[in-house]
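Asks: Sharing a structure, written as structure tokens. Questions coming.
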Amino acid sequence: MNIPNVEKQSMKLQTKGHKRHRRRFSFLEGWLYLLPSLFLFTAFLFYPMVRTVYLSLFYTDTQGKPMAFAGMENFTALLSSSSFLLSVKSTFLFVLYTVPVGVLLALGLALLANQKLAGIGFFRTIFSSTMGMSVAASSVIWMFIYNPSIGFANRLLTWFGLPEMQFLLDPSTALIAVAVATIWMNTGFTFLILLGGLQNIDSQLYESAKIAGVSTIYSLRKITLPMLSPTLFFVITVSMINSFQTFGQIDILTKGGPIDSTNVIVYSIYKDAFINYNIGSASAQAVILFLCVFLVTIIQFKLGERKVHYQ
Amino acid sequence: MQQLKALQLNQIRKSYQQGAEVLKGIDVAIQPGEFFVLVGPSGCGKSTLLRLLAGLEDVSSGEIYIGNEFANRLKPSERELSMVFQNYALFPHMTVEQNIMFGLHVKKIAKEEQRKRCEEAAEMLGLIPYLKRKPKELSGGQRQRVALARAIVSHDPICLMDEPLSNLDAKLRAKMRSEIRQLQRKLGITMIYVTHDQTEAMTMADRMMILNQGVIQQIGKPLDIYNHPQNAFVASFIGAPPMNMIPANVADSVLHITENWSMDVDIDWQGDVIAGVRPEHIQQAKSGTPSFTAEVVNVEMLGTETLISFEIQSGLQWTAKWQGQHQLNPGDIVSLFIDQNQMVFFDEKEKVNIEYQSLGAVQ
Amino acid sequence: MSIGRKIILYTLLTIAGIIMFFPVVYAFMISFMQGGEVLQGKLWPDSFSFENYINAFEKVPLLKYLLNSIIVSTVITAGQLILCSLAAFAFVFTQFKGKNLLFMLFISTMMIPWEATMVPNFQTIQSLGWLNSFYGLTIPFFAMAFGTFLLRQQFKTIPIELYEASQVSGISRFKFFLTVVLPLSKTSLITLGIYCFLTAWNMYLWPLLVTNDEKVRTVQIGLKQMQTQEIASEWGVVMAGVMLVILPTLLLIFLGQKRLQEGLTKGAIK
Ligand SMILES: Nc1ncnc2c1ncn2[C@@H]1O[C@H](COP(=O)(O)OP(=O)(O)OP(=O)(O)O)[C@@H](O)[C@H]1O
Ligand SMILES: [Mg+2]
């Protein structure tokens, strides 16, 4: 019937040469948008990371110039140094003190603040307020709270009839004291993310649970936690990584003391690099820090793949 | 308005990186000023073809000519065409006016002229009261009109539309159908219109092309296609309810349909066929005419017409469409009559209308 | 909800709120106390006079530090927003070879703790002559994987048809980015902006390393300086400084809490 009448001959070929290049330009364009980020990542992240690894293999002068190849010397020296081992122990203890308690606390607050009540916005703002508190400011406040003679912490203890304590000056309590302050500082962010996660859960799930007549605890366990698991997973990872990188509160509250009991790894790197000018050793510690964070990320990722229930 | 433009596709093929060929050699010439409808089932490649025309995707092979220009390598904006998307693609942060005028400045059109055109288009589509609103403050039909207005103001000679009415309810759809058609006539644009709705295709098209699995099934005027479907696929795709079909056998000008139903036919064919008949061509038998009987299984009364389903063979139902209202009940036995001239036959293997085959068979 | 349940919830909320906010209120009260009152361990100042605040401005160049912090935070925020949105745009709206590889590269940046790179970074800044300069304080932070992911999530919600419609109209890709993508992503950009500003404002270790004079020193370092100088007696002045430092960011949280919560969750989880 209507067989297409192909009139090729009548068509004039008018190809414009320059238009052939649009594909290639598009290819370049993508890179162009990414270039600034890539450049800065290279200059201030990838290069210094490689450089750190490199420096960790050398003896360095006080300026950080590599003097002689050391091989694994910096690392073996660290592993046999009791102060470094103490620093590693403090770091891990610190992570242990802050992460589980911090996440649980924030989770509790988020569950509380996820209720539909009048004025709930006010409480949400209060709970997330520490996100706006800088490490320096928070540390100064806690420094005062922990002040043995005039701080609030000891007044609370005496009020309960307990003996006064030297929170930051006693090696057995200093790390815990810093951990408590840190948990408080981080609650805001963790809370905010968890609350966001809770609010993303489809309310129809709860409604159907209500119709089924299950208990609050049951729907918490069977709906809320599984649905929240991606968020929880994210929050735990971030908290752990942050915890490994703690610096400011240590610098202000304890300066790593007393007797190195709060000398966590980043503080130790800082002291070696910028106070003792032992760049080689500092770099070796930085490599170890990198490996720890890397490992945590990988483990979390692997675990997360298996356990986490993604919506 | 610019001069009308034709479109020509030669052996267009398209495959995406991963997977099979989506379009398998499309040849078609679209006349200037024509309302050309592309119709086919979901996934047959209609949108893909449209996007190739627009230049949003590159062809794998074949040639596209727009006007007289070889267009394969032209950018979308250099093809001088406008496009209306299924979800309208309105910019949510811009007012209706800004949406309509979007992109005009690229064409180096003066500000006053832009405003004038916008006014014109808004006038034509009844959008004047809404010019300052944002898209989300409009109803579906109004959004649709904004999308149309945006296509009009560019004064491009070719307009592409991808299922522009599928988000509207039935009534509005019918209204917009005729509005779009009138607009196209008034402006004299070459329109290429994609739909999966055969009613839309039938009612709007000057010519239409039926596509299935990336292969052209038939190109032609709606009525020609309706009356002379190229193959069984076209026959069942065009027309609602679809054409009734049944495997049968022709021997010496007698068509054997079922054990106790055969009729004389005037065709030059021997062997197995698929016989087809449109629902409106199954008539109630008058006394004296050759007839067959069947049991009614379902009746749908639509007011002006009645759809009656009955069982022809076990497991095979046909539908008849009768004018007026007919009081029938499931279980009733009716006798029916079919005029042999209104039957269509497809060969058993290729499912091609034998009308077309005998043309070729003459040799 | 039953009345009993409501009472329990409000009680819990109030207790939690008091505990969470106590340190801030405590610091606020102390910022109005005289030296003697502080030593007595009072919770409520005798009078609300701004003497400590005036003192704070006089003892250290707090105003200068605040200004420096505002400059640094604003520049970092702007830089991050620009670089992140450009990168996110490339990931969503352009096709090119190596895109997936680059994306992996961006992800991998999250595994490198910034503290592990601080020694060479310090050396780089030193050799560029950027110690004690705003360049050294800001530029290294412009690129940010998290922000790129967050914006990428947002950009992905923009229907591709909008881009195609722009292509048909002949709008260039960059123009599309400026006139469509950015305005449509205003909310996400503001959220990310708040987050960036908070983070930059609160930065501690890096400013400590690369500033050693008042010219560019930020307020966080100023606070540390104050605390070490004043520790003996003038806690009221130190707390006045603390209040001044947290005021801008606390205000930002009060205004943007809801937005931040919605926006950050979007970026964090897929
Ligand atoms: N970007 C793509 N990558 C890979 N395959 C694609 C892509 N776009 C479409 N396809 C495939 O090409 C085929 C045709 O798609 P197309 O969108 O053209 O169908 P359609 O006829 O428009 O269908 P519908 O009526 O549902 O819109 C489908 O099988 C689809 O899966
Ligand atoms: Mg389609």
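Following the order of the structure tokens, chains are lettered A, B, ..., residues in each are numbered from 1, and ligands are numbered from 1.
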Quick one: everything within 6 Å of segment 178-193 of chain B, counting only C-alpha atoms, minus sequence neighbours fewer than 4 positions away in the same chain. Send it as a PyMOL selection string.
Replies: chain B and resi 32-38+157-161
Asks: Could the residues in this selection be written to a file with N, CA, C and O atoms, as a CSV table (one decimal), in the first residue's frame?
Replies:
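Generated file (again.csv):
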chain,number,residue,atom,x,y,z
B,32,PRO,N,5.7,17.4,4.2
B,32,PRO,CA,5.6,18.7,4.9
B,32,PRO,C,4.1,18.9,5.3
B,32,PRO,O,3.2,18.6,4.6
B,33,GLY,N,3.9,19.4,6.5
B,33,GLY,CA,2.6,19.8,7.0
B,33,GLY,C,1.7,18.6,7.4
B,33,GLY,O,0.5,18.7,7.7
B,34,GLU,N,2.3,17.4,7.4
B,34,GLU,CA,1.5,16.2,7.7
B,34,GLU,C,1.4,16.0,9.2
B,34,GLU,O,2.3,16.3,10.0
B,35,PHE,N,0.3,15.4,9.6
B,35,PHE,CA,0.1,15.0,11.0
B,35,PHE,C,0.4,13.5,11.0
B,35,PHE,O,-0.4,12.7,10.5
B,36,PHE,N,1.6,13.1,11.4
B,36,PHE,CA,2.0,11.7,11.3
B,36,PHE,C,2.1,11.1,12.6
B,36,PHE,O,2.7,11.6,13.6
B,37,VAL,N,1.4,10.0,12.8
B,37,VAL,CA,1.3,9.4,14.1
B,37,VAL,C,2.1,8.1,14.1
B,37,VAL,O,2.0,7.3,13.2
B,38,LEU,N,2.8,7.9,15.2
B,38,LEU,CA,3.6,6.7,15.4
B,38,LEU,C,2.9,5.9,16.5
B,38,LEU,O,2.7,6.4,17.6
B,157,PRO,N,9.3,24.5,12.4
B,157,PRO,CA,8.4,23.9,11.4
B,157,PRO,C,8.0,22.5,11.7
B,157,PRO,O,7.1,21.9,11.2
B,158,ILE,N,8.8,21.8,12.7
B,158,ILE,CA,8.4,20.5,13.0
B,158,ILE,C,8.2,20.4,14.5
B,158,ILE,O,8.9,21.0,15.3
B,159,CYS,N,7.2,19.6,14.9
B,159,CYS,CA,6.9,19.4,16.3
B,159,CYS,C,6.8,17.9,16.6
B,159,CYS,O,6.2,17.2,15.8
B,160,LEU,N,7.5,17.5,17.6
B,160,LEU,CA,7.5,16.1,18.1
B,160,LEU,C,6.7,16.0,19.4
B,160,LEU,O,6.9,16.8,20.3
B,161,MET,N,5.8,15.0,19.5
B,161,MET,CA,5.1,14.9,20.7
B,161,MET,C,5.2,13.4,21.1
B,161,MET,O,4.8,12.5,20.3
Asks: Please identify every residue of chain B that has at least one atom no farther than 12 Å from an atom of ligand 2, counting only C-alpha atoms and all ligand atoms, and for each give the shortest atom pair and the distance in Å to one decimal, arranged by chain then increasing number, as a Markdown table.
Replies:
| residue | atom | partner | partner_atom_place_in_ligand_line | distance |
| --- | --- | --- | --- | --- |
| B:Leu38 | CA | ligand 2 | 1 (Mg) | 10.6 |
| B:Val39 | CA | ligand 2 | 1 (Mg) | 10.2 |
| B:Gly40 | CA | ligand 2 | 1 (Mg) | 9.8 |
| B:Pro41 | CA | ligand 2 | 1 (Mg) | 9.5 |
| B:Ser42 | CA | ligand 2 | 1 (Mg) | 7.0 |
| B:Gly43 | CA | ligand 2 | 1 (Mg) | 6.9 |
| B:Cys44 | CA | ligand 2 | 1 (Mg) | 8.5 |
| B:Gly45 | CA | ligand 2 | 1 (Mg) | 7.2 |
| B:Lys46 | CA | ligand 2 | 1 (Mg) | 5.9 |
| B:Ser47 | CA | ligand 2 | 1 (Mg) | 4.1 |
| B:Thr48 | CA | ligand 2 | 1 (Mg) | 7.2 |
| B:Leu49 | CA | ligand 2 | 1 (Mg) | 9.4 |
| B:Leu50 | CA | ligand 2 | 1 (Mg) | 8.9 |
| B:Arg51 | CA | ligand 2 | 1 (Mg) | 9.6 |
| B:Phe85 | CA | ligand 2 | 1 (Mg) | 9.7 |
| B:Gln86 | CA | ligand 2 | 1 (Mg) | 8.2 |
| B:Asn87 | CA | ligand 2 | 1 (Mg) | 11.0 |
| B:Met161 | CA | ligand 2 | 1 (Mg) | 10.3 |
| B:Asp162 | CA | ligand 2 | 1 (Mg) | 6.7 |
| B:Glu163 | CA | ligand 2 | 1 (Mg) | 7.1 |
| B:Pro164 | CA | ligand 2 | 1 (Mg) | 10.3 |
| B:Ser166 | CA | ligand 2 | 1 (Mg) | 10.5 |
| B:Tyr193 | CA | ligand 2 | 1 (Mg) | 11.2 |
| B:Val194 | CA | ligand 2 | 1 (Mg) | 7.8 |
| B:Thr195 | CA | ligand 2 | 1 (Mg) | 8.0 |
| B:His196 | CA | ligand 2 | 1 (Mg) | 8.4 |
| B:Asp197 | CA | ligand 2 | 1 (Mg) | 11.8 |
Asks: Just the selected residues (C-alpha atoms), exported as a PDB file, in the first residue's frame, please.
Replies:
ATOM      1  CA  LEU B  38       3.595   6.691  15.394  1.00  0.00           C
ATOM      2  CA  VAL B  39       1.676   3.982  17.135  1.00  0.00           C
ATOM      3  CA  GLY B  40       2.558   0.628  18.624  1.00  0.00           C
ATOM      4  CA  PRO B  41       2.504  -1.377  21.813  1.00  0.00           C
ATOM      5  CA  SER B  42       4.603  -0.431  24.827  1.00  0.00           C
ATOM      6  CA  GLY B  43       8.310  -0.944  24.343  1.00  0.00           C
ATOM      7  CA  CYS B  44       8.175  -1.163  20.550  1.00  0.00           C
ATOM      8  CA  GLY B  45      10.587   1.745  20.117  1.00  0.00           C
ATOM      9  CA  LYS B  46       8.322   4.720  19.487  1.00  0.00           C
ATOM     10  CA  SER B  47       9.993   7.030  21.982  1.00  0.00           C
ATOM     11  CA  THR B  48      13.373   5.875  20.809  1.00  0.00           C
ATOM     12  CA  LEU B  49      12.547   6.819  17.236  1.00  0.00           C
ATOM     13  CA  LEU B  50      11.272  10.217  18.329  1.00  0.00           C
ATOM     14  CA  ARG B  51      14.384  10.860  20.381  1.00  0.00           C
ATOM     15  CA  PHE B  85       7.147  15.456  26.516  1.00  0.00           C
ATOM     16  CA  GLN B  86       4.848  12.971  28.164  1.00  0.00           C
ATOM     17  CA  ASN B  87       5.281  14.577  31.585  1.00  0.00           C
ATOM     18  CA  MET B 161       5.102  14.875  20.707  1.00  0.00           C
ATOM     19  CA  ASP B 162       5.620  11.817  22.889  1.00  0.00           C
ATOM     20  CA  GLU B 163       2.337  10.580  24.333  1.00  0.00           C
ATOM     21  CA  PRO B 164       1.358  14.096  25.371  1.00  0.00           C
ATOM     22  CA  SER B 166      -1.470   9.992  28.470  1.00  0.00           C
ATOM     23  CA  TYR B 193       2.990  12.300  17.283  1.00  0.00           C
ATOM     24  CA  VAL B 194       3.663   9.203  19.355  1.00  0.00           C
ATOM     25  CA  THR B 195       0.942   7.289  21.092  1.00  0.00           C
ATOM     26  CA  HIS B 196       0.148   3.764  22.142  1.00  0.00           C
ATOM     27  CA  ASP B 197      -3.547   4.480  21.934  1.00  0.00           C
TER      28      ASP B 197
END
Asks: How would you write, as a PyMOL selection string, the set of residues in segment 24-253 of chain A that DSSP gives as alpha helix (DSSP H)?
Replies: chain A and resi 24-41+47-56+73-79+82-113+120-128+135-145+152-159+174-199+203-212+216-219+225-244+248-253
Asks: Quick check, in Å to one decimal: how far apart do atom CA of Gln199 of chain A and atom CA of Thr231 of chain A lie?
Replies: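 Those two atoms sit 11.2 Å apart.
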Asks: Find the spatial neighbours of segment 35-51 of chain A, counting only C-alpha atoms, within a cut-off of 6 Å - ignore same-chain residues fewer than 6 positions away - and output them as a list in words.
Replies: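 Counting only the stated atoms, we get Leu83, Thr117, Pro120, Pro140 and Ala143 of chain C.
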Asks: Export, as an mmCIF file, in the first residue's frame, the selected residues with C-alpha atoms.
Replies:
data_model
loop_
_atom_site.group_PDB
_atom_site.id
_atom_site.type_symbol
_atom_site.label_atom_id
_atom_site.label_comp_id
_atom_site.auth_asym_id
_atom_site.auth_seq_id
_atom_site.Cartn_x
_atom_site.Cartn_y
_atom_site.Cartn_z
ATOM 1 C CA LEU C 83 32.852 22.705 43.516
ATOM 2 C CA THR C 117 47.603 13.950 55.751
ATOM 3 C CA PRO C 120 52.532 17.083 54.152
ATOM 4 C CA PRO C 140 42.318 22.959 50.868
ATOM 5 C CA ALA C 143 36.562 19.786 47.434
#
Asks: Can you work out which one of C:Ser73, C:Val237, C:Thr179, C:Asn55 has the shortest atom-to-atom distance to Thr199 of chain C, counting only C-alpha atoms?
Replies: C:Ser73
Asks: Please identify all polymer residues within 8 Å of Arg259 of chain C, counting only C-alpha atoms, omitting same-chain residues fewer than 4 positions from it, and present them as a list in words.
Replies: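 Within the cut-off, the hits are Thr187, Thr191 and Gly263 of chain C.
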Asks: Pick out the residues sitting within 8 Å of Leu198 of chain A, and hand them over as number ranges by chain; count only C-alpha atoms, and ignore anything fewer than 4 positions along from it in its own chain.
Replies: A: 110-111, 114, 194, 224, 228
Asks: Could you work out which residues of chain C fall inside 12 Å of chain B? Count only C-alpha atoms, and format the result as a PyMOL selection string.
Replies: chain C and resi 158-172+175-176+179-186
Asks: Grab the residues selected above and save them as a short mmCIF file (atom, residue, chain, number, x, y, z; two decimals), in the first residue's frame with C-alpha atoms.
Replies:
data_model
loop_
_atom_site.label_atom_id
_atom_site.label_comp_id
_atom_site.auth_asym_id
_atom_site.auth_seq_id
_atom_site.Cartn_x
_atom_site.Cartn_y
_atom_site.Cartn_z
CA ILE C 158 15.43 16.45 38.32
CA PRO C 159 13.59 14.81 35.41
CA ILE C 160 15.89 14.16 32.49
CA GLU C 161 13.18 15.58 30.23
CA LEU C 162 13.95 19.04 31.56
CA TYR C 163 17.46 18.62 30.28
CA GLU C 164 16.22 17.31 26.97
CA ALA C 165 13.76 20.17 26.62
CA SER C 166 16.67 22.56 27.15
CA GLN C 167 18.71 20.74 24.54
CA VAL C 168 15.88 21.05 22.03
CA SER C 169 15.66 24.77 22.82
CA GLY C 170 19.38 25.12 22.31
CA ILE C 171 20.29 26.06 25.87
CA SER C 172 23.88 25.12 26.58
CA LYS C 175 23.29 27.52 31.10
CA PHE C 176 20.98 24.65 32.00
CA THR C 179 19.16 28.48 35.21
CA VAL C 180 17.46 25.17 35.94
CA VAL C 181 19.52 22.81 38.08
CA LEU C 182 20.72 25.31 40.67
CA PRO C 183 17.38 27.09 41.23
CA LEU C 184 15.60 23.73 41.48
CA SER C 185 18.10 22.57 44.09
CA LYS C 186 17.90 25.64 46.26
#
Asks: Counting only C-alpha atoms, give me one row per residue of segment 303-351 of chain B with an atom at most 9 Å from an atom of segment 258-266 of chain B, showing the shortest contact pair and its distance in Å to one decimal, sorted by chain then residue number, as a Markdown table.
Replies:
| residue | atom | partner | partner_atom | distance |
| --- | --- | --- | --- | --- |
| B:Ile312 | CA | B:Thr258 | CA | 8.3 |
| B:Gln313 | CA | B:Thr258 | CA | 7.7 |
| B:Gln340 | CA | B:Val265 | CA | 5.9 |
| B:Asn341 | CA | B:Val265 | CA | 8.0 |
Asks: So that I can see what lies close to Asp213 of chain C, please list as a list in words the residues with an atom at most 9 Å from it, counting only C-alpha atoms and leaving out residues fewer than 3 positions away in the same chain.
Replies: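 The neighbour list is Asn132, Val216 and Arg217 of chain C.
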Asks: Go ahead and write the selection's residues with N, CA and C atoms as a short mmCIF file (atom, residue, chain, number, x, y, z; two decimals), in the first residue's frame.
Replies:
data_model
loop_
_atom_site.label_atom_id
_atom_site.label_comp_id
_atom_site.auth_asym_id
_atom_site.auth_seq_id
_atom_site.Cartn_x
_atom_site.Cartn_y
_atom_site.Cartn_z
N ASN C 132 49.38 31.65 57.76
CA ASN C 132 48.79 32.92 58.15
C ASN C 132 48.12 33.66 57.00
N VAL C 216 44.88 36.43 60.78
CA VAL C 216 43.85 35.56 60.22
C VAL C 216 43.32 34.54 61.24
N ARG C 217 43.80 34.60 62.47
CA ARG C 217 43.40 33.59 63.45
C ARG C 217 41.89 33.55 63.62
#
Asks: Provide as an MDAnalysis selection string the residues of chain A at most 6 Å from chain C, counting only C-alpha atoms.
Replies: chainID A and resid 27 30 33:34 37 44 48:49 125 132:134 136:137 150 192:193 196 286 294
Asks: Output all heavy atoms of each residue in that selection to a file, as a CSV table (one decimal), in the first residue's frame.
Replies:
chain,number,residue,atom,x,y,z
A,27,PHE,N,32.4,14.9,26.1
A,27,PHE,CA,33.3,14.1,26.9
A,27,PHE,C,34.2,15.0,27.7
A,27,PHE,O,34.4,14.8,28.9
A,27,PHE,CB,34.1,13.2,25.9
A,27,PHE,CG,35.3,12.6,26.5
A,27,PHE,CD1,35.1,11.4,27.3
A,27,PHE,CD2,36.6,13.0,26.4
A,27,PHE,CE1,36.2,10.8,27.9
A,27,PHE,CE2,37.7,12.4,26.9
A,27,PHE,CZ,37.5,11.3,27.7
A,30,GLY,N,32.5,17.0,30.7
A,30,GLY,CA,32.3,16.3,32.0
A,30,GLY,C,33.5,16.4,32.9
A,30,GLY,O,33.4,16.7,34.1
A,33,TYR,N,33.9,20.0,34.5
A,33,TYR,CA,33.2,20.2,35.7
A,33,TYR,C,33.9,19.6,37.0
A,33,TYR,O,33.7,20.1,38.1
A,33,TYR,CB,31.8,19.7,35.6
A,33,TYR,CG,30.9,20.4,34.7
A,33,TYR,CD1,30.4,19.8,33.5
A,33,TYR,CD2,30.5,21.7,34.9
A,33,TYR,CE1,29.6,20.5,32.6
A,33,TYR,CE2,29.7,22.4,34.0
A,33,TYR,CZ,29.2,21.8,32.9
A,33,TYR,OH,28.4,22.4,32.0
A,34,LEU,N,34.5,18.5,36.7
A,34,LEU,CA,35.1,17.7,37.8
A,34,LEU,C,36.5,18.2,38.2
A,34,LEU,O,37.0,17.9,39.2
A,34,LEU,CB,35.1,16.2,37.5
A,34,LEU,CG,33.8,15.6,37.5
A,34,LEU,CD1,33.8,14.2,36.9
A,34,LEU,CD2,33.3,15.4,38.9
A,37,SER,N,37.5,19.9,41.6
A,37,SER,CA,37.5,19.0,42.8
A,37,SER,C,38.6,18.0,42.7
A,37,SER,O,39.3,17.7,43.7
A,37,SER,CB,36.2,18.2,42.8
A,37,SER,OG,35.1,19.1,43.1
A,44,PHE,N,45.5,18.1,48.0
A,44,PHE,CA,45.4,18.1,49.4
A,44,PHE,C,44.9,16.8,50.1
A,44,PHE,O,44.6,16.8,51.3
A,44,PHE,CB,44.5,19.3,49.8
A,44,PHE,CG,45.1,20.6,49.5
A,44,PHE,CD1,44.6,21.4,48.5
A,44,PHE,CD2,46.2,21.1,50.2
A,44,PHE,CE1,45.1,22.6,48.1
A,44,PHE,CE2,46.8,22.3,49.9
A,44,PHE,CZ,46.2,23.1,48.8
A,48,PRO,N,49.2,14.2,49.6
A,48,PRO,CA,49.8,14.2,51.0
A,48,PRO,C,49.7,12.8,51.6
A,48,PRO,O,50.5,12.4,52.4
A,48,PRO,CB,48.9,15.2,51.8
A,48,PRO,CG,47.8,15.5,50.9
A,48,PRO,CD,48.2,15.2,49.5
A,49,MET,N,48.7,12.0,51.2
A,49,MET,CA,48.6,10.6,51.7
A,49,MET,C,49.8,9.8,51.3
A,49,MET,O,50.4,9.1,52.1
A,49,MET,CB,47.3,10.0,51.3
A,49,MET,CG,46.9,8.7,52.0
A,49,MET,SD,46.7,9.0,53.8
A,49,MET,CE,47.9,7.8,54.5
A,125,THR,N,15.0,20.9,68.4
A,125,THR,CA,16.0,21.9,68.2
A,125,THR,C,17.0,21.8,69.4
A,125,THR,O,18.2,21.9,69.2
A,125,THR,CB,15.4,23.3,68.2
A,125,THR,OG1,14.4,23.3,67.2
A,125,THR,CG2,16.4,24.4,67.9
A,132,GLY,N,25.7,22.7,66.7
A,132,GLY,CA,26.2,24.1,66.5
A,132,GLY,C,27.3,24.5,67.4
A,132,GLY,O,27.7,25.6,67.4
A,133,MET,N,27.7,23.6,68.3
A,133,MET,CA,28.7,24.0,69.3
A,133,MET,C,30.0,23.5,68.9
A,133,MET,O,30.2,22.3,68.6
A,133,MET,CB,28.4,23.3,70.7
A,133,MET,CG,27.0,23.5,71.2
A,133,MET,SD,26.8,25.0,72.1
A,133,MET,CE,28.1,24.7,73.4
A,134,SER,N,30.9,24.4,68.8
A,134,SER,CA,32.3,24.1,68.3
A,134,SER,C,33.0,23.2,69.3
A,134,SER,O,32.7,23.3,70.5
A,134,SER,CB,33.1,25.3,68.0
A,134,SER,OG,33.4,26.0,69.1
A,136,ALA,N,35.9,23.7,70.4
A,136,ALA,CA,36.7,24.5,71.3
A,136,ALA,C,35.7,25.1,72.4
A,136,ALA,O,36.0,25.0,73.6
A,136,ALA,CB,37.3,25.7,70.5
A,137,ALA,N,34.6,25.6,72.0
A,137,ALA,CA,33.6,26.2,72.9
A,137,ALA,C,33.1,25.1,73.9
A,137,ALA,O,33.1,25.3,75.1
A,137,ALA,CB,32.5,26.8,72.2
A,150,ILE,N,35.4,24.4,91.6
A,150,ILE,CA,34.2,25.2,91.4
A,150,ILE,C,33.3,24.6,90.4
A,150,ILE,O,32.2,25.2,90.1
A,150,ILE,CB,34.6,26.7,91.0
A,150,ILE,CG1,35.6,26.7,89.9
A,150,ILE,CG2,35.2,27.4,92.2
A,150,ILE,CD1,35.9,28.0,89.4
A,192,LEU,N,20.3,14.2,64.9
A,192,LEU,CA,19.6,14.8,63.7
A,192,LEU,C,19.5,13.8,62.6
A,192,LEU,O,18.5,13.7,61.9
A,192,LEU,CB,20.5,16.0,63.2
A,192,LEU,CG,19.8,17.1,62.6
A,192,LEU,CD1,18.8,17.8,63.5
A,192,LEU,CD2,20.7,18.2,62.0
A,193,ILE,N,20.6,13.1,62.3
A,193,ILE,CA,20.6,12.1,61.2
A,193,ILE,C,19.6,11.0,61.6
A,193,ILE,O,18.8,10.5,60.7
A,193,ILE,CB,22.0,11.5,61.0
A,193,ILE,CG1,23.0,12.6,60.7
A,193,ILE,CG2,21.9,10.4,60.0
A,193,ILE,CD1,22.9,13.1,59.3
A,196,GLY,N,16.0,12.1,61.2
A,196,GLY,CA,15.7,12.1,59.7
A,196,GLY,C,15.4,10.7,59.2
A,196,GLY,O,14.4,10.5,58.5
A,286,ALA,N,50.6,8.3,61.3
A,286,ALA,CA,49.5,8.7,60.4
A,286,ALA,C,49.1,7.6,59.5
A,286,ALA,O,47.9,7.4,59.2
A,286,ALA,CB,49.9,9.9,59.6
A,294,PHE,N,40.6,3.0,57.4
A,294,PHE,CA,40.3,2.3,56.2
A,294,PHE,C,39.7,0.9,56.6
A,294,PHE,O,38.6,0.5,56.0
A,294,PHE,CB,41.6,2.1,55.5
A,294,PHE,CG,41.5,1.4,54.1
A,294,PHE,CD1,41.1,2.2,53.1
A,294,PHE,CD2,41.8,0.1,54.0
A,294,PHE,CE1,40.9,1.6,51.8
A,294,PHE,CE2,41.7,-0.5,52.7
A,294,PHE,CZ,41.2,0.3,51.6
Asks: I want to know what sits within 6 Å of segment 172-186 of chain A, based on only C-alpha atoms, with residues of the same chain fewer than 2 positions away left out; could you give that as a list of chain:residue names?
Replies: A:Thr98, A:Gly102, A:Thr130, A:Phe167, A:Leu168, A:Asp170, A:Gly188, A:Phe189, A:Thr262
Asks: Could you check the closest approach to chain A for each of B:Lys14, B:Arg207, B:Arg143, B:Arg117 and tell me which residue wins, using only C-alpha atoms?
Replies: B:Arg207
Asks: Could the residues of chain B within 7 Å of chain A, counting only C-alpha atoms, be given as an MDAnalysis selection string, please?
Replies: chainID B and resid 27:29 68:70 73:74 219:220
Asks: What gap, in Å, lies between atom CA of Thr319 of chain B and atom CA of Ala170 of chain B?
Replies: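 So the two atoms, atom CA of Thr319 of chain B and atom CA of Ala170 of chain B, lie 23.4 Å apart.
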